[in-house]
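Structure below is model_38.txt: compact mmCIF, C-alpha atoms and all ligand atoms.
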```
# COMPACT_ATOMS: atom_id res chain seq x y z
CA MET A 1 133.23 83.97 94.12
CA SER A 2 132.29 87.56 95.01
CA GLU A 3 128.90 88.43 96.48
CA SER A 4 126.85 91.53 95.67
CA ARG A 5 123.82 92.70 97.62
CA LEU A 6 120.71 92.85 95.41
CA PRO A 7 118.60 96.00 95.72
CA GLY A 8 114.84 96.05 96.15
CA GLY A 9 114.32 93.65 99.05
CA PHE A 10 112.33 94.94 101.99
CA VAL A 11 112.54 91.95 104.26
CA ASN A 12 115.48 89.67 103.45
CA ALA A 13 119.19 90.20 102.81
CA VAL A 14 119.49 88.80 99.28
CA VAL A 15 122.85 88.52 97.51
CA ARG A 16 123.95 87.49 94.05
CA VAL A 17 126.79 85.00 93.63
CA GLY A 18 127.58 84.34 89.96
CA ASP A 19 124.37 83.17 88.32
CA THR A 20 122.74 82.33 91.66
CA VAL A 21 120.91 84.22 94.40
CA ARG A 22 121.31 83.43 98.12
CA ARG A 23 118.56 84.17 100.63
CA PRO A 24 118.18 83.26 104.30
CA VAL A 25 116.41 79.94 104.82
CA SER A 26 113.01 80.14 106.46
CA ALA A 27 110.40 77.78 107.85
CA ARG A 28 109.00 77.78 104.29
CA THR A 29 112.20 76.72 102.52
CA GLU A 30 111.22 73.07 102.14
CA PHE A 31 107.74 73.91 100.83
CA VAL A 32 109.15 76.50 98.42
CA GLY A 33 111.86 74.08 97.27
CA ASP A 34 109.22 71.47 96.41
CA LEU A 35 107.13 74.07 94.62
CA LEU A 36 110.01 75.44 92.55
CA ARG A 37 111.03 71.89 91.62
CA LEU A 38 107.45 71.22 90.51
CA PHE A 39 107.61 74.27 88.24
CA GLU A 40 110.96 73.18 86.83
CA ALA A 41 109.71 69.64 86.18
CA SER A 42 106.71 71.11 84.31
CA GLY A 43 108.99 73.27 82.17
CA TRP A 44 107.42 76.46 83.59
CA SER A 45 109.93 79.32 83.49
CA GLY A 46 107.97 81.85 85.56
CA ALA A 47 109.95 81.26 88.79
CA PRO A 48 113.61 80.85 89.75
CA ARG A 49 115.14 77.36 89.90
CA TYR A 50 115.69 75.92 93.37
CA LEU A 51 119.32 74.79 93.74
CA GLY A 52 119.47 73.72 97.40
CA VAL A 53 121.14 75.15 100.48
CA ASP A 54 124.76 76.44 100.53
CA ASP A 55 127.56 75.89 103.10
CA GLU A 56 126.38 78.96 105.01
CA GLY A 57 122.87 77.56 105.29
CA ARG A 58 121.31 79.92 102.73
CA GLU A 59 118.77 79.01 100.02
CA VAL A 60 120.35 78.93 96.57
CA LEU A 61 118.14 80.02 93.66
CA GLY A 62 118.84 80.62 90.01
CA TYR A 63 119.44 84.28 89.15
CA LEU A 64 116.84 85.63 86.70
CA ASP A 65 118.15 88.26 84.34
CA GLY A 66 115.93 91.28 83.81
CA HIS A 67 114.33 94.29 85.42
CA VAL A 68 112.70 93.95 88.87
CA ALA A 69 110.17 96.77 89.32
CA TRP A 70 110.96 97.67 92.93
CA GLU A 71 111.60 101.40 92.56
CA PRO A 72 108.66 103.82 92.86
CA ARG A 73 109.13 105.26 89.36
CA GLN A 74 108.92 102.71 86.57
CA PRO A 75 108.95 102.71 82.76
CA ALA A 76 105.38 102.95 81.39
CA ALA A 77 105.63 99.43 79.92
CA VAL A 78 105.70 97.93 83.42
CA SER A 79 102.13 99.06 84.12
CA SER A 80 100.78 98.83 80.55
CA ASP A 81 97.64 96.82 79.76
CA GLU A 82 99.82 94.27 77.94
CA SER A 83 101.96 93.71 81.05
CA LEU A 84 98.83 93.36 83.24
CA VAL A 85 97.42 90.75 80.87
CA THR A 86 100.72 88.84 80.97
CA VAL A 87 100.83 88.93 84.78
CA ALA A 88 97.29 87.53 84.96
CA ARG A 89 98.13 84.75 82.48
CA LEU A 90 101.33 83.83 84.35
CA VAL A 91 99.34 83.58 87.59
CA ARG A 92 96.78 81.39 85.83
CA GLU A 93 99.59 79.14 84.59
CA PHE A 94 101.15 78.47 87.99
CA HIS A 95 97.77 78.13 89.68
CA ASP A 96 96.77 75.50 87.11
CA LEU A 97 100.10 73.72 87.56
CA THR A 98 99.60 73.43 91.31
CA ALA A 99 95.88 72.54 91.35
CA GLY A 100 95.39 68.99 92.61
CA THR A 101 99.04 68.54 93.68
CA PRO A 102 100.20 67.64 97.20
CA SER A 103 101.58 71.19 97.56
CA ALA A 104 98.03 72.59 97.27
CA GLY A 105 96.82 70.26 100.05
CA ASP A 106 93.06 70.54 100.40
CA GLN A 107 92.95 74.00 98.79
CA GLU A 108 92.30 74.99 95.16
CA VAL A 109 95.90 75.89 94.27
CA VAL A 110 99.19 77.15 95.68
CA CYS A 111 99.06 80.95 96.05
CA HIS A 112 102.19 83.11 95.86
CA ASN A 113 100.64 85.51 98.40
CA ASP A 114 102.98 88.44 97.64
CA LEU A 115 102.51 89.16 93.95
CA SER A 116 103.50 92.71 93.10
CA PRO A 117 105.70 94.57 90.59
CA LYS A 118 108.45 94.48 93.28
CA ASN A 119 108.46 90.70 93.04
CA THR A 120 108.21 90.52 89.24
CA VAL A 121 111.03 90.17 86.71
CA TYR A 122 110.45 92.01 83.41
CA GLN A 123 112.41 91.42 80.20
CA PRO A 124 112.34 93.26 76.89
CA CYS A 125 109.94 91.57 74.49
CA GLY A 126 109.38 93.13 71.07
CA GLY A 127 111.13 96.26 72.37
CA GLU A 128 108.95 96.63 75.51
CA LEU A 129 109.41 95.34 79.06
CA ARG A 130 107.05 92.46 79.84
CA PRO A 131 106.67 90.24 82.94
CA VAL A 132 108.40 86.88 82.63
CA ALA A 133 108.71 85.55 86.20
CA PHE A 134 107.83 86.02 89.86
CA ILE A 135 110.41 85.94 92.67
CA ASP A 136 110.12 85.93 96.48
CA TRP A 137 108.01 82.78 96.92
CA ASP A 138 108.52 82.42 100.66
CA LEU A 139 104.91 83.28 101.55
CA ALA A 140 103.56 80.72 99.07
CA ALA A 141 100.95 78.41 100.59
CA PRO A 142 97.82 76.46 99.70
CA GLY A 143 94.97 78.88 99.02
CA ALA A 144 92.16 80.06 96.77
CA ARG A 145 92.72 81.44 93.27
CA ILE A 146 90.88 84.64 94.15
CA HIS A 147 93.35 85.43 96.94
CA ASP A 148 96.24 85.94 94.51
CA ILE A 149 94.01 87.75 92.01
CA ALA A 150 92.82 90.17 94.71
CA HIS A 151 96.45 90.81 95.66
CA VAL A 152 97.37 91.35 92.00
CA CYS A 153 94.57 93.94 91.65
CA TRP A 154 95.69 95.78 94.78
CA GLN A 155 99.41 95.80 93.99
CA TYR A 156 99.67 96.09 90.19
CA LEU A 157 96.92 98.74 89.99
CA ASP A 158 98.25 100.44 93.13
CA LEU A 159 94.70 100.77 94.49
CA GLY A 160 94.61 103.69 96.89
CA PRO A 161 94.39 107.48 97.13
CA SER A 162 96.95 108.03 94.35
CA VAL A 163 94.50 106.68 91.72
CA ALA A 164 93.52 109.59 89.49
CA ASP A 165 90.77 107.91 87.45
CA VAL A 166 88.54 105.38 89.21
CA GLU A 167 86.75 104.27 86.03
CA GLU A 168 90.07 103.59 84.32
CA VAL A 169 91.30 101.52 87.26
CA ALA A 170 87.98 99.62 87.29
CA ARG A 171 88.47 98.84 83.58
CA ARG A 172 91.97 97.52 84.28
CA MET A 173 90.69 95.41 87.14
CA ARG A 174 88.25 93.86 84.68
CA LEU A 175 91.16 93.23 82.30
CA ILE A 176 92.99 91.29 85.03
CA VAL A 177 90.05 89.05 85.91
CA ASP A 178 89.16 88.48 82.23
CA SER A 179 92.77 87.60 81.34
CA TYR A 180 92.94 85.18 84.25
CA GLU A 181 89.43 83.91 83.32
CA LEU A 182 88.37 84.07 86.95
CA SER A 183 85.03 82.31 87.23
CA ASP A 184 83.73 83.50 90.60
CA ARG A 185 84.15 87.26 90.85
CA GLY A 186 81.39 88.19 93.27
CA CYS A 187 83.68 88.54 96.28
CA LEU A 188 86.76 90.01 94.55
CA VAL A 189 86.50 93.47 96.11
CA SER A 190 85.72 92.12 99.57
CA THR A 191 88.75 89.83 99.17
CA ILE A 192 90.93 92.86 98.37
CA LEU A 193 89.68 94.52 101.57
CA TRP A 194 90.31 91.29 103.50
CA TRP A 195 93.89 91.17 102.17
CA GLN A 196 94.60 94.78 103.03
CA ASP A 197 93.27 94.34 106.53
CA ARG A 198 95.21 91.09 106.99
CA CYS A 199 98.49 92.65 105.78
CA ARG A 200 98.08 95.67 108.04
CA ARG A 201 97.30 93.55 111.09
CA GLY A 202 100.16 91.17 110.26
CA ILE A 203 102.74 93.96 110.07
CA GLU A 204 101.41 95.62 113.23
CA SER A 205 101.33 92.49 115.35
CA ARG A 206 104.76 91.29 114.21
CA ALA A 207 106.20 94.79 114.76
CA ASP A 208 104.66 94.85 118.24
CA ALA A 209 106.32 91.48 118.88
CA GLY A 210 109.72 93.00 117.99
CA ASP A 211 110.23 91.71 114.41
CA ILE A 212 112.89 94.11 113.06
CA ALA A 213 111.81 93.91 109.41
CA MET A 214 108.19 94.69 110.36
CA ILE A 215 109.26 97.57 112.61
CA ARG A 216 111.18 98.96 109.62
CA LEU A 217 108.08 98.68 107.43
CA ARG A 218 105.91 100.38 110.06
CA ASN A 219 108.46 103.18 110.51
CA ALA A 220 108.50 103.66 106.74
CA GLY A 221 104.76 104.44 106.87
CA VAL A 222 103.57 101.18 105.30
CA VAL A 223 100.80 100.61 107.87
CA ARG A 224 99.41 104.11 107.25
CA ARG A 225 99.53 103.58 103.49
CA ILE A 226 97.66 100.28 103.74
CA GLN A 227 95.01 101.92 105.92
CA ALA A 228 94.55 104.67 103.32
CA ALA A 229 94.37 102.08 100.51
CA TYR A 230 91.72 100.12 102.45
CA GLN A 231 89.66 103.27 102.90
CA TRP A 232 89.97 104.10 99.19
CA VAL A 233 88.81 100.64 98.06
CA SER A 234 85.98 100.78 100.57
CA ASP A 235 84.88 104.23 99.28
CA HIS A 236 84.92 103.06 95.62
CA ARG A 237 83.58 99.59 96.20
CA GLY A 238 80.42 100.05 94.07
CA VAL A 239 82.27 101.14 90.89
CA LEU A 240 84.88 98.42 91.24
CA GLU A 241 82.31 95.68 91.89
CA ARG A 242 80.13 96.68 88.94
CA SER A 243 83.13 96.63 86.63
CA VAL A 244 84.21 93.06 87.37
CA GLN A 245 80.78 91.40 87.32
N1 LIG A 301 115.98 84.84 91.54
C1 LIG A 301 116.28 86.14 91.42
N2 LIG A 301 116.78 86.62 90.28
C2 LIG A 301 117.12 87.92 90.14
N3 LIG A 301 117.00 88.83 91.14
C3 LIG A 301 116.49 88.41 92.30
C4 LIG A 301 116.11 87.06 92.52
N4 LIG A 301 115.64 86.94 93.78
C5 LIG A 301 115.74 88.16 94.34
N5 LIG A 301 116.25 89.05 93.46
C6 LIG A 301 116.55 90.49 93.72
O1 LIG A 301 116.69 90.66 95.11
C7 LIG A 301 115.72 91.59 95.60
C8 LIG A 301 115.14 91.10 96.91
O2 LIG A 301 114.64 89.78 96.75
P1 LIG A 301 113.26 89.30 97.36
O3 LIG A 301 113.25 87.83 97.19
O4 LIG A 301 112.12 90.04 96.74
O5 LIG A 301 113.45 89.70 98.90
P2 LIG A 301 112.45 90.34 99.99
O6 LIG A 301 111.83 89.17 100.67
O7 LIG A 301 113.36 91.11 100.88
O8 LIG A 301 111.46 91.19 99.29
C9 LIG A 301 114.67 91.69 94.50
O9 LIG A 301 114.10 92.98 94.49
C10 LIG A 301 115.46 91.43 93.25
O10 LIG A 301 116.05 92.62 92.79
MG MG A 302 110.42 90.94 97.55
```
Final structure tokens representation of the file:
Amino acid sequence: MSESRLPGGFVNAVVRVGDTVRRPVSARTEFVGDLLRLFEASGWSGAPRYLGVDDEGREVLGYLDGHVAWEPRQPAAVSSDESLVTVARLVREFHDLTAGTPSAGDQEVVCHNDLSPKNTVYQPCGGELRPVAFIDWDLAAPGARIHDIAHVCWQYLDLGPSVADVEEVARRMRLIVDSYELSDRGCLVSTILWWQDRCRRGIESRADAGDIAMIRLRNAGVVRRIQAAYQWVSDHRGVLERSVQ
């Protein structure tokens, strides 16, 4: 069967073969396989199905039909309030499904750890694109609910110098935490800053160690953009914190 390279990946070479997707295996493949099987067994459709490893040693996942929001310009529906609410509810669903399972270990839940529009599949629903699933689970690991929610705020609101209206973004941040029904919000903004700092350091140290994908990200200006986003969140911390309390 013919293979076609899927666009939008920044790290892995991902190809489509019929109604499957093939990705390189990683040290996380076994963990992710267990997690995706847990979702399937629960009837949760917000992630691809795990179908094993092929003859070439690649992970085989079910192909999810729809629109993946990886390009910089997106239809307005992708960033609408309704889509944000749906993202938050989907995150709540998989967090609740993983709480108390062996996959979560001694942590609250399993976190995806890379939630962003680039890793979200949108499908038309009532004439508008809405999130239906998350892809790219290879950073998933036991963690705290607030870690994924902080990442969602950063990525889906594109927190950083391009924000034109701080109050509006603060309102939408509130919408995310309310839709998720996050109980402990006091450290949300500091968790966003922690994430941004962690991502920047991670890319820098792996690029310094010669990791080709990370060198590509650094050369594309990603480290500089994360630094600017960190500064922006830091500068607007008061407004953002007041909004989510
Ligand atoms: N299960 C899937 N169903 C449909 N498309 C997928 C699936 N997995 C990946 N893709 C496509 O492949 C691209 C790269 O996949 P991704 O897992 O995000 O790789 P990377 O780790 O490089 O970001 C995505 O942007 C998406 O377009
Ligand atoms: Mg991805």
Within 8 Å of ligand MG 302 (chain A), counting only C-alpha atoms and all ligand atoms: which residues, as a PyMOL selection string?
chain A and resi 8-12+114+118-119+135-136
Just checking: using all atoms listed in the file, which residue out of A:Glu93, A:Asp138, A:Asp197, A:Glu167 ends up closest to Gly43 (chain A)?
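Closest candidate: A:Glu93.
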Shortest contact to Glu241 (chain A), candidates A:Glu56, A:Arg145, A:Arg224, A:Arg174, atoms counted all atoms listed in the file, goes to A:Arg174
Could you pull out every residue with an atom within 10 Å of (106.7, 89.7, 79.0), file coordinates, counting only C-alpha atoms, and send them as number ranges by chain?
A: 77-78, 82-87, 90, 121-126, 128-133
Using only C-alpha atoms and all ligand atoms, determine which residues fall within 10 Å of ligand LIG 301 (chain A), then list them as JSON, numbers by chain.
{"A": [5, 6, 7, 8, 9, 10, 11, 12, 13, 14, 15, 16, 19, 20, 21, 22, 23, 24, 47, 48, 49, 50, 60, 61, 62, 63, 64, 65, 66, 67, 68, 69, 70, 71, 114, 116, 117, 118, 119, 120, 121, 133, 134, 135, 136, 137, 138, 139, 213]}
Which value, in Å to one decimal, gives the distance between CA of Ile146 (chain A) and CA of Val91 (chain A)?
10.8 Å
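Shortest atom-to-atom contact with Cys187 (chain A) among A:Ala207, A:Val244, A:Val222, A:Val152: A:Val244, counting all atoms listed in the file.
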Among the residues A:Ala104, A:Ala88, A:Leu97, A:Leu217, the one that comes closest to Ser179 (chain A) [using all atoms listed in the file]
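Closest to Ser179 (chain A) of all the choices is A:Ala88.
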Surrounding residues of Gly186 (chain A) excluding itself and chain neighbours under 5 positions, 12 Å, all atoms listed in the file, as a VMD selection string:
chain A and resid 146 150 177 191 to 192 237 to 238 240 to 245
Could you tell me how far CA of Ile149 (chain A) sits from CA of Ser80 (chain A), in Å to one decimal place?
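These two atoms are separated by 17.3 Å.
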Take the structure in the block and write a file for region 26-180 of chain A, C-alpha atoms, as an mmCIF file, in the first residue's frame.
```cif
data_model
loop_
_atom_site.group_PDB
_atom_site.id
_atom_site.type_symbol
_atom_site.label_atom_id
_atom_site.label_comp_id
_atom_site.auth_asym_id
_atom_site.auth_seq_id
_atom_site.Cartn_x
_atom_site.Cartn_y
_atom_site.Cartn_z
ATOM 1 C CA SER A 26 10.219 5.727 20.942
ATOM 2 C CA ALA A 27 11.079 4.875 24.520
ATOM 3 C CA ARG A 28 7.463 5.880 25.270
ATOM 4 C CA THR A 29 5.797 3.523 22.784
ATOM 5 C CA GLU A 30 4.848 0.890 25.363
ATOM 6 C CA PHE A 31 3.419 3.466 27.787
ATOM 7 C CA VAL A 32 1.496 5.206 25.001
ATOM 8 C CA GLY A 33 0.219 1.868 23.682
ATOM 9 C CA ASP A 34 -1.178 1.000 27.120
ATOM 10 C CA LEU A 35 -2.732 4.451 27.429
ATOM 11 C CA LEU A 36 -4.387 4.368 24.003
ATOM 12 C CA ARG A 37 -5.728 0.881 24.725
ATOM 13 C CA LEU A 38 -7.166 2.177 28.006
ATOM 14 C CA PHE A 39 -8.977 4.930 26.079
ATOM 15 C CA GLU A 40 -10.279 2.432 23.537
ATOM 16 C CA ALA A 41 -11.505 0.061 26.250
ATOM 17 C CA SER A 42 -13.363 2.990 27.881
ATOM 18 C CA GLY A 43 -15.008 3.897 24.587
ATOM 19 C CA TRP A 44 -13.276 7.309 24.568
ATOM 20 C CA SER A 45 -12.794 8.529 20.995
ATOM 21 C CA GLY A 46 -10.538 11.515 21.732
ATOM 22 C CA ALA A 47 -7.288 9.741 20.733
ATOM 23 C CA PRO A 48 -6.139 7.474 17.893
ATOM 24 C CA ARG A 49 -6.368 3.694 18.289
ATOM 25 C CA TYR A 50 -3.108 1.877 18.972
ATOM 26 C CA LEU A 51 -2.639 -0.939 16.431
ATOM 27 C CA GLY A 52 0.832 -2.255 17.308
ATOM 28 C CA VAL A 53 4.193 -2.118 15.564
ATOM 29 C CA ASP A 54 4.684 -2.822 11.817
ATOM 30 C CA ASP A 55 7.340 -4.907 10.004
ATOM 31 C CA GLU A 56 9.569 -1.831 9.779
ATOM 32 C CA GLY A 57 9.408 -1.316 13.531
ATOM 33 C CA ARG A 58 7.093 1.718 13.385
ATOM 34 C CA GLU A 59 4.110 2.436 15.671
ATOM 35 C CA VAL A 60 0.804 1.869 13.897
ATOM 36 C CA LEU A 61 -2.072 4.165 14.895
ATOM 37 C CA GLY A 62 -5.549 4.646 13.517
ATOM 38 C CA TYR A 63 -5.846 7.580 11.112
ATOM 39 C CA LEU A 64 -8.256 10.250 12.376
ATOM 40 C CA ASP A 65 -10.132 12.063 9.661
ATOM 41 C CA GLY A 66 -10.389 15.820 10.041
ATOM 42 C CA HIS A 67 -8.491 19.082 10.166
ATOM 43 C CA VAL A 68 -5.250 19.300 12.190
ATOM 44 C CA ALA A 69 -4.591 22.956 13.054
ATOM 45 C CA TRP A 70 -0.840 23.035 12.412
ATOM 46 C CA GLU A 71 -0.642 25.956 9.989
ATOM 47 C CA PRO A 72 -0.215 29.491 11.395
ATOM 48 C CA ARG A 73 -3.442 30.791 9.826
ATOM 49 C CA GLN A 74 -6.572 28.935 10.886
ATOM 50 C CA PRO A 75 -10.326 29.250 10.364
ATOM 51 C CA ALA A 76 -11.899 31.354 13.150
ATOM 52 C CA ALA A 77 -13.824 28.330 14.457
ATOM 53 C CA VAL A 78 -10.570 26.699 15.583
ATOM 54 C CA SER A 79 -9.981 29.394 18.205
ATOM 55 C CA SER A 80 -13.634 30.170 19.017
ATOM 56 C CA ASP A 81 -14.916 30.076 22.604
ATOM 57 C CA GLU A 82 -16.912 26.943 21.727
ATOM 58 C CA SER A 83 -13.764 25.127 20.562
ATOM 59 C CA LEU A 84 -11.877 26.198 23.717
ATOM 60 C CA VAL A 85 -14.677 24.855 25.892
ATOM 61 C CA THR A 86 -14.616 21.556 23.987
ATOM 62 C CA VAL A 87 -10.831 21.249 24.350
ATOM 63 C CA ALA A 88 -11.102 21.790 28.109
ATOM 64 C CA ARG A 89 -13.872 19.186 28.414
ATOM 65 C CA LEU A 90 -11.924 16.637 26.343
ATOM 66 C CA VAL A 91 -8.905 17.142 28.610
ATOM 67 C CA ARG A 92 -11.132 16.673 31.653
ATOM 68 C CA GLU A 93 -12.465 13.440 30.157
ATOM 69 C CA PHE A 94 -9.093 11.795 29.588
ATOM 70 C CA HIS A 95 -7.710 13.040 32.895
ATOM 71 C CA ASP A 96 -10.689 11.493 34.702
ATOM 72 C CA LEU A 97 -10.258 8.254 32.744
ATOM 73 C CA THR A 98 -6.628 7.937 33.810
ATOM 74 C CA ALA A 99 -6.978 9.025 37.461
ATOM 75 C CA GLY A 100 -6.261 6.099 39.778
ATOM 76 C CA THR A 101 -5.010 3.796 36.979
ATOM 77 C CA PRO A 102 -1.569 2.137 36.881
ATOM 78 C CA SER A 103 -0.629 4.484 34.006
ATOM 79 C CA ALA A 104 -0.965 7.483 36.349
ATOM 80 C CA GLY A 105 1.370 5.839 38.896
ATOM 81 C CA ASP A 106 1.490 7.929 42.051
ATOM 82 C CA GLN A 107 0.365 11.102 40.250
ATOM 83 C CA GLU A 108 -3.122 12.596 39.861
ATOM 84 C CA VAL A 109 -3.624 11.650 36.189
ATOM 85 C CA VAL A 110 -1.816 10.970 32.921
ATOM 86 C CA CYS A 111 -0.936 14.281 31.237
ATOM 87 C CA HIS A 112 -0.599 14.604 27.458
ATOM 88 C CA ASN A 113 2.138 17.225 27.951
ATOM 89 C CA ASP A 114 1.961 18.651 24.414
ATOM 90 C CA LEU A 115 -1.619 19.818 23.989
ATOM 91 C CA SER A 116 -1.894 22.459 21.291
ATOM 92 C CA PRO A 117 -3.958 23.178 18.154
ATOM 93 C CA LYS A 118 -1.124 21.502 16.177
ATOM 94 C CA ASN A 119 -1.885 18.253 17.975
ATOM 95 C CA THR A 120 -5.674 18.554 17.780
ATOM 96 C CA VAL A 121 -8.022 17.064 15.185
ATOM 97 C CA TYR A 122 -11.075 19.223 14.363
ATOM 98 C CA GLN A 123 -14.188 18.010 12.542
ATOM 99 C CA PRO A 124 -17.209 19.917 11.273
ATOM 100 C CA CYS A 125 -19.979 19.859 13.849
ATOM 101 C CA GLY A 126 -23.180 21.782 13.125
ATOM 102 C CA GLY A 127 -21.333 23.492 10.264
ATOM 103 C CA GLU A 128 -18.334 24.637 12.376
ATOM 104 C CA LEU A 129 -14.977 22.989 13.073
ATOM 105 C CA ARG A 130 -14.772 21.615 16.616
ATOM 106 C CA PRO A 131 -12.047 19.622 18.421
ATOM 107 C CA VAL A 132 -12.704 15.891 18.526
ATOM 108 C CA ALA A 133 -9.343 14.279 19.370
ATOM 109 C CA PHE A 134 -5.724 14.813 20.380
ATOM 110 C CA ILE A 135 -2.778 13.211 18.557
ATOM 111 C CA ASP A 136 0.965 13.022 19.317
ATOM 112 C CA TRP A 137 0.814 11.320 22.723
ATOM 113 C CA ASP A 138 4.498 10.432 22.947
ATOM 114 C CA LEU A 139 5.233 12.902 25.760
ATOM 115 C CA ALA A 140 2.331 11.579 27.856
ATOM 116 C CA ALA A 141 3.328 10.755 31.430
ATOM 117 C CA PRO A 142 1.953 10.718 34.971
ATOM 118 C CA GLY A 143 1.418 14.279 36.164
ATOM 119 C CA ALA A 144 -0.832 16.898 37.720
ATOM 120 C CA ARG A 145 -4.066 18.108 36.112
ATOM 121 C CA ILE A 146 -2.880 21.713 36.252
ATOM 122 C CA HIS A 147 0.167 20.916 34.105
ATOM 123 C CA ASP A 148 -1.957 20.123 31.041
ATOM 124 C CA ILE A 149 -4.331 23.014 31.757
ATOM 125 C CA ALA A 150 -1.418 25.461 31.962
ATOM 126 C CA HIS A 151 -0.130 24.122 28.642
ATOM 127 C CA VAL A 152 -3.606 24.439 27.099
ATOM 128 C CA CYS A 153 -3.793 28.105 28.213
ATOM 129 C CA TRP A 154 -0.365 28.858 26.757
ATOM 130 C CA GLN A 155 -0.876 27.094 23.432
ATOM 131 C CA TYR A 156 -4.575 27.533 22.570
ATOM 132 C CA LEU A 157 -4.591 31.210 23.627
ATOM 133 C CA ASP A 158 -1.161 31.747 22.066
ATOM 134 C CA LEU A 159 -0.026 33.685 25.143
ATOM 135 C CA GLY A 160 2.753 36.038 24.118
ATOM 136 C CA PRO A 161 3.496 39.399 22.498
ATOM 137 C CA SER A 162 1.011 38.828 19.653
ATOM 138 C CA VAL A 163 -1.945 39.117 22.081
ATOM 139 C CA ALA A 164 -3.815 42.308 21.222
ATOM 140 C CA ASP A 165 -6.259 42.407 24.147
ATOM 141 C CA VAL A 166 -5.032 41.184 27.532
ATOM 142 C CA GLU A 167 -8.453 41.395 29.208
ATOM 143 C CA GLU A 168 -10.001 39.297 26.448
ATOM 144 C CA VAL A 169 -7.300 36.647 26.777
ATOM 145 C CA ALA A 170 -7.769 36.664 30.566
ATOM 146 C CA ARG A 171 -11.506 36.064 30.042
ATOM 147 C CA ARG A 172 -10.757 33.123 27.751
ATOM 148 C CA MET A 173 -8.312 31.693 30.262
ATOM 149 C CA ARG A 174 -11.134 31.785 32.804
ATOM 150 C CA LEU A 175 -13.359 29.997 30.279
ATOM 151 C CA ILE A 176 -10.804 27.176 30.007
ATOM 152 C CA VAL A 177 -10.462 26.633 33.755
ATOM 153 C CA ASP A 178 -14.235 26.899 34.313
ATOM 154 C CA SER A 179 -14.983 24.422 31.510
ATOM 155 C CA TYR A 180 -12.430 21.999 32.916
#
```
